[in-house]
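Undergrad: Take this structure, written in structure tokens, and hold onto it; I'll ask about it next.
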Amino acid sequence: MITEMRKYIDIGVNLTASSFKKDIPQVIERAQIAGVEQLVVTGTNILHSEQAIQLSEQYESICYATAGLHPHHASDFSQSLASELREMLGHRSVVAVGECGLDFNRNFSTRQEQIRAFEAQLEIAIDLQKPVFLHQRDAHEDFIAIIKSCRSELGHLVAHCFTGNIEEINDLVILDMYIGVTGWICDERRGISLQQAVKHIPVDRIMLETDAPYLLPRNLGIKPVKKNRN
Ligand SMILES: [Zn+2]
């Protein structure tokens, strides 16, 4: 008889966002009551990665952390920042490099800066053999090309907050990647294509995440946080 050990994990929650400043204990408690046993707190820059690690220490074996530089902040990248990240990634509760990747939708950092910071973080992931928590928006081709160039050296990869189409799913699956699905799918305006596409994700490749406080499922009828998603 096979006894299946299942855990319900929110693989991406931005608990370091300012909207959670006052009620992190309550948020974690409510998540647990709802059956979410573990949460991976997203690190998007040095400060937020540090805070994510602090939460993982405070809520041991409930909260885990990622440490990385979001493409929005890619202009901050430097060799000393890379060293700081490497150090953080040695922490026992840091489970992935990231959030890192490319965002050519908003271009808060230039494309060159984003590519440089992304490639450097993949190099760190290869050196440390850590999984990678990936962000991509309007940059699918470059994103795939960069990952392809070093896929065999990388370990587990998850494309977080996937909002693309069937062709993009195929590109990710061929590269043996996991695909993170958020409340975007519950959006009656822009989630329709994802509702169709998600059927093409192999069931053992799907991961679930809230990306909280962003992307609150619209069909819950609760007023969402007015801020750009990460
Ligand atoms: Zn993201």
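Chain labels A, B, ... are given in the sequence in which chains occur in the structure tokens; within each chain residues are numbered consecutively from 1, and ligands are likewise numbered from 1 in the order shown.
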Dump the neighbourhood of ligand 1 as a PyMOL selection string: all residues within 10 Å, distances computed on only C-alpha atoms and all ligand atoms.
TA: chain A and resi 12+14+42+44+70-72+98-103+133-137+159-162+211+214+229-230
Undergrad: Residues within 12 Å of A:Gly191, please, as an MDAnalysis selection string. Count only C-alpha atoms; anything in the same chain fewer than 3 positions from it doesn't count.
TA: chainID A and resid 161:165 181:188 194:198 215 217:219
Undergrad: Determine the nearest neighbour of A:Val36 from the options A:Glu119, A:Arg106, A:Leu208, A:Leu89, counting only C-alpha atoms.
TA: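 Checking each candidate against A:Val36, we get A:Leu208 as the closest.
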Undergrad: Do you know which residues are at most 12 Å from A:Asn170 counting only C-alpha atoms, after dropping those on the same chain fewer than 2 positions away, and could you put them as an MDAnalysis selection string?
TA: chainID A and resid 140 144 164:168 172:179 197:202 205
Undergrad: Rank A:Phe118, A:Arg111, A:Ala212, A:Gly68 by their smallest atom-to-atom distance to A:Phe20, using only C-alpha atoms, and report the top residue only.
TA: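 Result for the nearest residue to A:Phe20: A:Ala212.
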Undergrad: Return as JSON, numbers by chain the full set of residues in stretch 38-211 of chain A whose backbone-based DSSP assignment is strand (DSSP E or B).
TA: {"A": [38, 39, 40, 41, 63, 64, 65, 66, 67, 94, 95, 96, 97, 98, 99, 100, 101, 102, 103, 132, 133, 134, 135, 136, 137, 157, 158, 159, 178, 179, 180, 181, 206, 207, 208]}
Undergrad: Quick one: residues within 10 Å of A:Asp76, only C-alpha atoms, excluding same-chain residues fewer than 5 positions away - as a PyMOL selection string?
TA: chain A and resi 45-46+69-71+81+109+113-114+117
Undergrad: Include all heavy atoms and write out the residues we just selected as a short mmCIF file (atom, residue, chain, number, x, y, z; two decimals), in the first residue's frame.
TA:
data_model
loop_
_atom_site.label_atom_id
_atom_site.label_comp_id
_atom_site.auth_asym_id
_atom_site.auth_seq_id
_atom_site.Cartn_x
_atom_site.Cartn_y
_atom_site.Cartn_z
N ASN A 45 14.18 41.52 -3.57
CA ASN A 45 15.44 42.28 -3.55
C ASN A 45 16.16 41.91 -2.25
O ASN A 45 15.69 41.02 -1.52
CB ASN A 45 15.18 43.80 -3.67
CG ASN A 45 14.30 44.33 -2.56
OD1 ASN A 45 14.19 43.72 -1.48
ND2 ASN A 45 13.65 45.46 -2.78
N ILE A 46 17.25 42.57 -1.97
CA ILE A 46 18.03 42.17 -0.78
C ILE A 46 17.21 42.35 0.49
O ILE A 46 17.10 41.43 1.32
CB ILE A 46 19.36 42.98 -0.70
CG1 ILE A 46 20.31 42.57 -1.84
CG2 ILE A 46 20.04 42.82 0.65
CD1 ILE A 46 20.85 41.16 -1.75
N LEU A 69 16.61 38.72 -6.94
CA LEU A 69 16.41 40.09 -7.41
C LEU A 69 15.39 40.07 -8.56
O LEU A 69 15.66 39.50 -9.63
CB LEU A 69 17.74 40.68 -7.88
CG LEU A 69 17.76 42.18 -8.18
CD1 LEU A 69 17.57 43.00 -6.91
CD2 LEU A 69 19.07 42.57 -8.86
N HIS A 70 14.23 40.67 -8.30
CA HIS A 70 13.16 40.75 -9.30
C HIS A 70 13.64 41.58 -10.49
O HIS A 70 14.39 42.55 -10.30
CB HIS A 70 11.95 41.41 -8.63
CG HIS A 70 10.69 41.32 -9.41
ND1 HIS A 70 10.45 42.09 -10.52
CD2 HIS A 70 9.58 40.55 -9.24
CE1 HIS A 70 9.25 41.80 -11.00
NE2 HIS A 70 8.70 40.86 -10.24
N PRO A 71 13.18 41.26 -11.71
CA PRO A 71 13.63 42.06 -12.87
C PRO A 71 13.32 43.56 -12.74
O PRO A 71 14.06 44.37 -13.30
CB PRO A 71 12.87 41.44 -14.06
CG PRO A 71 11.86 40.50 -13.48
CD PRO A 71 12.36 40.12 -12.14
N LEU A 81 26.09 42.60 -4.60
CA LEU A 81 24.73 42.10 -4.37
C LEU A 81 24.68 40.59 -4.63
O LEU A 81 24.06 39.83 -3.87
CB LEU A 81 23.75 42.84 -5.29
CG LEU A 81 22.27 42.52 -5.10
CD1 LEU A 81 21.41 43.77 -5.27
CD2 LEU A 81 21.79 41.43 -6.04
N SER A 109 13.61 48.23 -15.16
CA SER A 109 15.05 48.24 -15.43
C SER A 109 15.19 47.98 -16.93
O SER A 109 14.28 47.42 -17.53
CB SER A 109 15.75 47.11 -14.66
OG SER A 109 15.70 47.35 -13.28
N GLU A 113 19.93 45.32 -18.44
CA GLU A 113 20.12 45.12 -16.99
C GLU A 113 19.38 43.87 -16.53
O GLU A 113 19.90 43.09 -15.71
CB GLU A 113 19.59 46.34 -16.23
CG GLU A 113 20.46 47.57 -16.35
CD GLU A 113 19.77 48.86 -15.88
OE1 GLU A 113 18.52 48.92 -15.83
OE2 GLU A 113 20.50 49.81 -15.57
N GLN A 114 18.19 43.67 -17.05
CA GLN A 114 17.40 42.50 -16.66
C GLN A 114 18.08 41.20 -17.07
O GLN A 114 18.15 40.25 -16.30
CB GLN A 114 16.01 42.57 -17.29
CG GLN A 114 15.14 43.68 -16.74
CD GLN A 114 13.73 43.60 -17.29
OE1 GLN A 114 13.15 42.53 -17.44
NE2 GLN A 114 13.15 44.75 -17.61
N ALA A 117 21.19 40.54 -14.84
CA ALA A 117 20.85 40.09 -13.49
C ALA A 117 20.25 38.68 -13.52
O ALA A 117 20.52 37.85 -12.64
CB ALA A 117 19.86 41.06 -12.85
#
Undergrad: One decimal, in Å: what's the spacing between atom CA of A:Ser152 and atom CA of A:Gly43?
TA: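 Taking atom CA of A:Ser152 as the start and atom CA of A:Gly43 as the end point, the length is 25.1 Å.
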Undergrad: When you look at A:Ile53 with a cut-off of 6 Å (counting only C-alpha atoms), what residues show up, excluding the ones that are within fewer than 3 positions of it in the same chain? I need them as a PyMOL selection string.
TA: chain A and resi 50+56+65
Undergrad: Dump C-alpha atoms for the selected residues as an mmCIF file, in the first residue's frame?
TA:
data_model
loop_
_atom_site.group_PDB
_atom_site.id
_atom_site.type_symbol
_atom_site.label_atom_id
_atom_site.label_comp_id
_atom_site.auth_asym_id
_atom_site.auth_seq_id
_atom_site.Cartn_x
_atom_site.Cartn_y
_atom_site.Cartn_z
ATOM 1 C CA GLU A 50 16.265 39.274 4.314
ATOM 2 C CA SER A 56 11.092 31.691 7.896
ATOM 3 C CA ALA A 65 11.903 31.892 1.722
#
Undergrad: I'd like to know which residues of stretch 14-143 of chain A are helix (DSSP H, G or I) (by DSSP, run on the backbone); could you write them as a PyMOL selection string?
TA: chain A and resi 18-20+24-33+46-58+71-76+79-88+111-128+140-143
